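K.L.:
Before I ask anything, here is the structure I am working with.
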Amino acid sequence: MTSWDPDLGLSELPPAEAVRVVRLVADRLARRLAEEIEARRLADDDADPGVPLERDVLGQELLIGEWIAEELGSVSQARMQRGSSRLSDATDGELRRRVVAELFAFGPLQQWMDAPDVEEIDVNSHLHTWVSYVDGRQVDVGQLWSSSTELVAFQKRIALRMGTGEGRLDTASPQLTLQSADGSRVVLVLGGPTEHGISTQPRIAIRRFVLPRLGIGALADAGMFPSDLVGFFEAVVRTGFTVLVSGGPGAGKTTFLVELCGLISPMERLITAEKALLELRLEDYPERHPNVVALHTRQANSEGVGEVAVRSIVELTRRLNPDRVIVGELVEDEALDMLDAASMCKRGSMATIHAHRPEIALTRLAYYVAKSNTKLPEYAVWNQIAGTIDFVVHIDLVRNQGTGRPMRRVTSIREIAGLGEAGGVASTELFGLDDGGQLVQLCAIEPGHARQMVLAGFDPTRFVPTSVNGARSWA
């Protein structure tokens with residue numbers, strides 16, 4: 001059961017009354033906590049602040065533990081004034097648990113946050129919440145809050161609990177991106193008739209990273225690419241090539257990038273750079289990556305100062321003695337710094353980029369590089385890309401012909417072989433889909449890359465087309 005479930009198992013309280021009490025007490029405690037945080041911020045500057053309360057989860061829990069007895073005592077007193085009995089110890093204990101779940105967990109969303117097969121949770125309003133599963137199913141689980149006002153209160157409790165003091169959800173800042181303790185990305189959008197927000201309804205979008213890290217072979221078993229390509233990816237990573245992973249939103253770029261990183265020797269030092277959220281979380285797996293430094297950006301505080309951008313983070317990676325730099329996602333002017341850092345690393349680096357087609361990935365990368373230095377001539381832009389990127393792996397969401405549900409699949413691998421004669425870069429589609437939708441090898445690896453594979457101890461002839469028509473199937 002979760003705190004929104006009307007059947008709380010409390011015989012002395014009607015179900016609707018139990019839910020009302022839980023949410024009323026949770027709202028009051030959230031307001032008290034917000035006031036306490038603000039009061040401590042405004043305390044004497046000469047005092048030693050220690051850990052700020054907004055970052056001190058244990059301190060918050062201790063305060064809530066003290067206050068919750070007062071609030072439930074008030075509920076019992078109000079019941080006795082109406083001629084009812086005071087709350088029993090069993091009911092008091094159950095209500096405490098439910099209130100804590102509402103404040104420190106995800107309340108009505110908790111059962112899906114706990115489900116191992118739920119990938120996305122999209123709250124469109126207090127009436128409709130869509131849950132997306134790893135097998136492609138999407139289910140509207142219906143109404144979880146009684147009104148949009150109640151949903152907004154829930155949003156603000158999440159912002160208070162998960163925020164760092166540098167982000168807030170209010171009229172001045174009507175959108176907020178946070179990260180839960182399990183690594184899930186939580187996006188809050190303020191809206192509704194009672195708020196001066198940016199949407200017609202309050203919205204919540206949660207993206208969970210639920211696929212276990214079982215190795216690159218597990219992705220092949222799941223149908224992302226043929227199992228014979230595991231050896232190719234191993235050769236690419238361990239030879240030290242720089243790889244750009246492209247694809248649309250939700251295509252599985254981060255999942256694929258994490259498993260590519262799993263092929264890196266544990267003797268190498270990795271520096272990761274991500275925007276706001278730590279989605280790669282390589283540090284969580286020391287048996288794979290014992291020498292990792294994770295960096296992320298920081299939002300400006302309520303006074304508008306203290307922001308640290310991705311570009312600054314990527315630039316910092318060069319001074320941290322990396323063997324490889326891993327950038328979670330290239331989105332803006334950090335692209336030039338990423339290419340600089342990658343070209344100075346001892347081994348190949350990796351990054352992801354949004355693109356619906358593999359050829360667009362390189363064009364978008366060039367745009368980002370040019371945008372980060374408007375004085376850089378076009379030739380220099382393409383020269384930087386051609387001299388750094390070795391392979392582009394593109395992932396698509398394609399329809400399963402049997403179920404009609406989307407599947408994540410590698411649909412193209414392009415090889416970069418220097419500058420093109422007519423400008424841009426010379427790129428060849430090394431692997432692509434044939435007319436039957438099967439991934440096939442279209443040509444042999446470029447000689448320069450093949451020589452590097454030989455030096456790394458791999459046999460590049462394993463990746464040469466052998467069929468009569470020049471295309472080798474990897475079905």
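As shown in the structure tokens, the chain order sets the letters A, B, ...; within each chain, residues go from 1, and ligands are also counted from 1 in the order they appear.
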Report the residues of stretch 231-295 of chain A whose backbone DSSP state falls under strand (DSSP E), written as a list in words.
P.N.:
Val243, Leu244, Val245, Ser246, Gly247, Leu270, Ile271, Thr272, Ala273, Glu274, Val292, Val293, Ala294 and Leu295 of chain A
K.L.:
Output as JSON lines one row per residue of stretch 315-429 of chain A within 12 Å of stretch 260-269 of chain A: the closest atom pair and its distance in Å to one decimal place, counting only C-alpha atoms, sorted by chain and residue number ascending.
P.N.:
{"residue": "A:Thr317", "atom": "CA", "partner": "A:Arg269", "partner_atom": "CA", "distance": 11.2}
{"residue": "A:Leu320", "atom": "CA", "partner": "A:Arg269", "partner_atom": "CA", "distance": 9.4}
{"residue": "A:Asn321", "atom": "CA", "partner": "A:Arg269", "partner_atom": "CA", "distance": 7.7}
{"residue": "A:Pro322", "atom": "CA", "partner": "A:Arg269", "partner_atom": "CA", "distance": 5.5}
{"residue": "A:Asp323", "atom": "CA", "partner": "A:Arg269", "partner_atom": "CA", "distance": 5.1}
{"residue": "A:Arg324", "atom": "CA", "partner": "A:Arg269", "partner_atom": "CA", "distance": 6.7}
{"residue": "A:Val325", "atom": "CA", "partner": "A:Arg269", "partner_atom": "CA", "distance": 8.8}
{"residue": "A:Ile326", "atom": "CA", "partner": "A:Cys261", "partner_atom": "CA", "distance": 8.6}
{"residue": "A:Val327", "atom": "CA", "partner": "A:Cys261", "partner_atom": "CA", "distance": 11.4}
{"residue": "A:Gly328", "atom": "CA", "partner": "A:Cys261", "partner_atom": "CA", "distance": 11.6}
{"residue": "A:Cys345", "atom": "CA", "partner": "A:Arg269", "partner_atom": "CA", "distance": 10.4}
{"residue": "A:Lys346", "atom": "CA", "partner": "A:Glu268", "partner_atom": "CA", "distance": 9.5}
{"residue": "A:Arg347", "atom": "CA", "partner": "A:Glu268", "partner_atom": "CA", "distance": 8.9}
{"residue": "A:Gly348", "atom": "CA", "partner": "A:Ile264", "partner_atom": "CA", "distance": 10.1}
{"residue": "A:Ser349", "atom": "CA", "partner": "A:Cys261", "partner_atom": "CA", "distance": 9.7}
{"residue": "A:Met350", "atom": "CA", "partner": "A:Cys261", "partner_atom": "CA", "distance": 8.5}
{"residue": "A:Ala351", "atom": "CA", "partner": "A:Cys261", "partner_atom": "CA", "distance": 10.6}
{"residue": "A:Thr352", "atom": "CA", "partner": "A:Leu260", "partner_atom": "CA", "distance": 11.7}
{"residue": "A:Val393", "atom": "CA", "partner": "A:Leu260", "partner_atom": "CA", "distance": 11.0}
K.L.:
Please produce a file of the residues just selected, as a compact mmCIF listing (two decimals), in the first residue's frame, where the atoms kept are N, CA and C atoms.
P.N.:
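For reference, out.txt as written:
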# COMPACT_ATOMS: atom_id res chain seq x y z
N THR A 317 38.05 18.87 -16.90
CA THR A 317 38.45 17.47 -17.01
C THR A 317 39.89 17.31 -17.52
N LEU A 320 42.52 17.03 -14.77
CA LEU A 320 42.34 15.99 -13.75
C LEU A 320 42.98 14.66 -14.16
N ASN A 321 43.93 14.73 -15.06
CA ASN A 321 44.73 13.56 -15.48
C ASN A 321 43.87 12.40 -16.00
N PRO A 322 42.97 12.66 -16.96
CA PRO A 322 42.11 11.57 -17.43
C PRO A 322 42.81 10.66 -18.44
N ASP A 323 42.48 9.38 -18.39
CA ASP A 323 42.78 8.51 -19.53
C ASP A 323 41.69 8.69 -20.59
N ARG A 324 40.46 8.86 -20.11
CA ARG A 324 39.33 9.13 -21.02
C ARG A 324 38.39 10.12 -20.35
N VAL A 325 37.74 10.92 -21.21
CA VAL A 325 36.68 11.82 -20.76
C VAL A 325 35.36 11.31 -21.34
N ILE A 326 34.36 11.17 -20.48
CA ILE A 326 33.03 10.71 -20.90
C ILE A 326 32.05 11.85 -20.66
N VAL A 327 31.43 12.36 -21.71
CA VAL A 327 30.46 13.45 -21.59
C VAL A 327 29.07 12.87 -21.78
N GLY A 328 28.23 13.06 -20.76
CA GLY A 328 26.88 12.47 -20.81
C GLY A 328 26.09 12.88 -22.02
N CYS A 345 43.46 13.27 -24.48
CA CYS A 345 43.43 12.09 -23.61
C CYS A 345 44.36 11.01 -24.13
N LYS A 346 44.76 10.14 -23.21
CA LYS A 346 45.61 9.02 -23.61
C LYS A 346 44.82 8.01 -24.44
N ARG A 347 43.50 7.92 -24.19
CA ARG A 347 42.65 6.94 -24.86
C ARG A 347 41.44 7.65 -25.44
N GLY A 348 40.63 6.89 -26.20
CA GLY A 348 39.46 7.47 -26.84
C GLY A 348 38.40 7.87 -25.83
N SER A 349 37.72 8.96 -26.09
CA SER A 349 36.66 9.43 -25.23
C SER A 349 35.31 9.12 -25.84
N MET A 350 34.24 9.42 -25.10
CA MET A 350 32.90 9.09 -25.56
C MET A 350 31.93 10.17 -25.15
N ALA A 351 30.83 10.30 -25.92
CA ALA A 351 29.78 11.26 -25.60
C ALA A 351 28.52 10.84 -26.34
N THR A 352 27.38 11.43 -25.93
CA THR A 352 26.14 11.23 -26.66
C THR A 352 25.68 12.57 -27.23
N VAL A 393 27.86 5.80 -33.49
CA VAL A 393 26.90 4.69 -33.35
C VAL A 393 25.51 5.31 -33.17
K.L.:
Leaving out stretch 21-25 of chain A and any residue of its chain fewer than 2 positions from it, which residues lie within 7 Å of it when counting only C-alpha atoms, given as a PyMOL selection string?
P.N.:
chain A and resi 17-19+27-29+71+95+98-99
K.L.:
Could you tell me which of A:Ile64, A:Met338, A:Val293, A:Glu329 comes closest to A:Arg311 if we count only C-alpha atoms?
P.N.:
A:Met338
K.L.:
How close does each residue of stretch 204-249 of chain A get to stretch 174-178 of chain A, giving the shortest atom pair and distance in Å to one decimal for every residue with an atom at most 12 Å away, counting only C-alpha atoms, sorted by chain and residue number, as a tab-separated table?
P.N.:
residue	atom	partner	partner_atom	distance
A:Ile204	CA	A:Leu176	CA	9.8
A:Ala205	CA	A:Thr177	CA	9.4
A:Ile206	CA	A:Leu178	CA	9.5
A:Arg207	CA	A:Leu178	CA	10.8
K.L.:
Please provide as an NGL selection string all residues within 9 Å of stretch 247-252 of chain A, with the sequence filter that same-chain residues fewer than 3 positions apart are discarded (counting only C-alpha atoms).
P.N.:
:A and (255-257 or 352-358 or 361 or 393-397 or 407-409)
K.L.:
I need the residues from that last selection saved to file as a short mmCIF file (atom, residue, chain, number, x, y, z; two decimals), in the first residue's frame (with C-alpha atoms), if you can.
P.N.:
data_model
loop_
_atom_site.label_atom_id
_atom_site.label_comp_id
_atom_site.auth_asym_id
_atom_site.auth_seq_id
_atom_site.Cartn_x
_atom_site.Cartn_y
_atom_site.Cartn_z
CA THR A 255 22.25 2.96 -21.45
CA PHE A 256 24.42 2.05 -24.44
CA LEU A 257 27.15 4.51 -23.42
CA THR A 352 26.14 11.23 -26.66
CA ILE A 353 24.27 13.70 -28.87
CA HIS A 354 20.64 14.11 -29.90
CA ALA A 355 20.05 13.36 -33.58
CA HIS A 356 17.33 11.48 -35.46
CA ARG A 357 19.73 10.34 -38.20
CA PRO A 358 23.43 9.46 -37.96
CA ALA A 361 24.81 13.92 -35.66
CA VAL A 393 26.90 4.69 -33.35
CA HIS A 394 23.26 5.57 -34.01
CA ILE A 395 20.35 4.12 -32.03
CA ASP A 396 16.69 4.31 -33.09
CA LEU A 397 13.36 3.44 -31.56
CA MET A 407 12.33 -1.36 -29.51
CA ARG A 408 15.77 0.19 -29.12
CA ARG A 409 18.09 -0.86 -31.94
#
K.L.:
Find the spatial neighbours of A:Ala26, counting only C-alpha atoms, within a cut-off of 12 Å - ignore same-chain residues fewer than 5 positions away - and output them as a ChimeraX atom specification.
P.N.:
/A:3-4,19-21,31-33,64-65,67-68,71-72,95-105,107,150,153-154,156-158
K.L.:
Which residues are near A:Glu429? Cut-off 12 Å, only C-alpha atoms, ignore same chain within fewer than 5 positions. Put them as number ranges by chain.
P.N.:
A: 357-359, 391-394, 411-417, 439-446, 471
K.L.:
Please dump the current selection as an mmCIF file, in the first residue's frame; keep C-alpha atoms.
P.N.:
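Written out: again_24.cif:
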data_model
loop_
_atom_site.group_PDB
_atom_site.id
_atom_site.type_symbol
_atom_site.label_atom_id
_atom_site.label_comp_id
_atom_site.auth_asym_id
_atom_site.auth_seq_id
_atom_site.Cartn_x
_atom_site.Cartn_y
_atom_site.Cartn_z
ATOM 1 C CA ARG A 357 19.729 10.344 -38.197
ATOM 2 C CA PRO A 358 23.430 9.463 -37.961
ATOM 3 C CA GLU A 359 24.502 11.933 -40.640
ATOM 4 C CA PHE A 391 32.922 6.229 -35.007
ATOM 5 C CA VAL A 392 29.296 7.346 -34.693
ATOM 6 C CA VAL A 393 26.899 4.695 -33.347
ATOM 7 C CA HIS A 394 23.262 5.568 -34.014
ATOM 8 C CA THR A 411 20.620 0.997 -36.908
ATOM 9 C CA SER A 412 23.854 2.527 -38.178
ATOM 10 C CA ILE A 413 27.564 2.727 -37.403
ATOM 11 C CA ARG A 414 29.485 5.360 -39.346
ATOM 12 C CA GLU A 415 33.266 5.496 -39.569
ATOM 13 C CA ILE A 416 35.047 8.848 -39.829
ATOM 14 C CA ALA A 417 38.093 8.822 -42.085
ATOM 15 C CA LEU A 439 21.978 -4.904 -39.590
ATOM 16 C CA VAL A 440 24.679 -5.714 -42.143
ATOM 17 C CA GLN A 441 28.280 -4.720 -42.642
ATOM 18 C CA LEU A 442 28.530 -2.638 -45.792
ATOM 19 C CA CYS A 443 32.286 -2.239 -46.153
ATOM 20 C CA ALA A 444 35.627 -3.027 -44.556
ATOM 21 C CA ILE A 445 37.173 -0.910 -41.813
ATOM 22 C CA GLU A 446 39.312 1.986 -43.033
ATOM 23 C CA ALA A 471 27.385 -7.169 -47.339
#
K.L.:
For A:Ala115, which residue among A:Arg208, A:Gly306, A:Gln143, A:Ala366 is the nearest when counting only C-alpha atoms?
P.N.:
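Of A:Arg208, A:Gly306, A:Gln143, A:Ala366, the one nearest A:Ala115, counting only C-alpha atoms, is A:Arg208.
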K.L.:
Would you mind listing what lies within 12 Å of A:Pro116 as number ranges by chain, with only C-alpha atoms counted and same-chain residues fewer than 6 positions away left out?
P.N.:
A: 110, 132-135, 182, 208-212
K.L.:
Nearest to A:Gly240 among A:Ala30, A:Leu127, A:Val75, A:Ala342, with distances taken over only C-alpha atoms: which residue is it?
P.N.:
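When distances to A:Gly240 are compared using only C-alpha atoms, the smallest one comes from A:Ala342.
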K.L.:
By how many Å are atom CA of A:Glu274 and atom CA of A:Leu295 apart?
P.N.:
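Atom-to-atom, atom CA of A:Glu274 and atom CA of A:Leu295 are spaced 6.4 Å apart.
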K.L.:
When you count only C-alpha atoms, which of these residues is closest to A:Asp459: A:Phe232, A:Tyr367, A:Phe106, A:Phe241?
P.N.:
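Residue with the minimum atom-to-atom distance to A:Asp459: A:Phe232.
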K.L.:
From the options A:Asp117, A:Thr171, A:Ser146, A:Ala450, which residue's atoms come nearest to A:His196, counting only C-alpha atoms?
P.N.:
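Among the listed residues, A:Thr171 lies closest to A:His196.
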K.L.:
Where in stretch 40-189 of chain A does DSSP assign helix (DSSP H, G or I), given as a ChimeraX atom specification?
P.N.:
/A:40-41,53-55,57-81,89-104,107-113,148-162
K.L.:
What does the structure give for the distance between atom CA of A:Arg203 and atom CA of A:Arg298, in Å to one decimal?
P.N.:
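The value is 23.1 Å.
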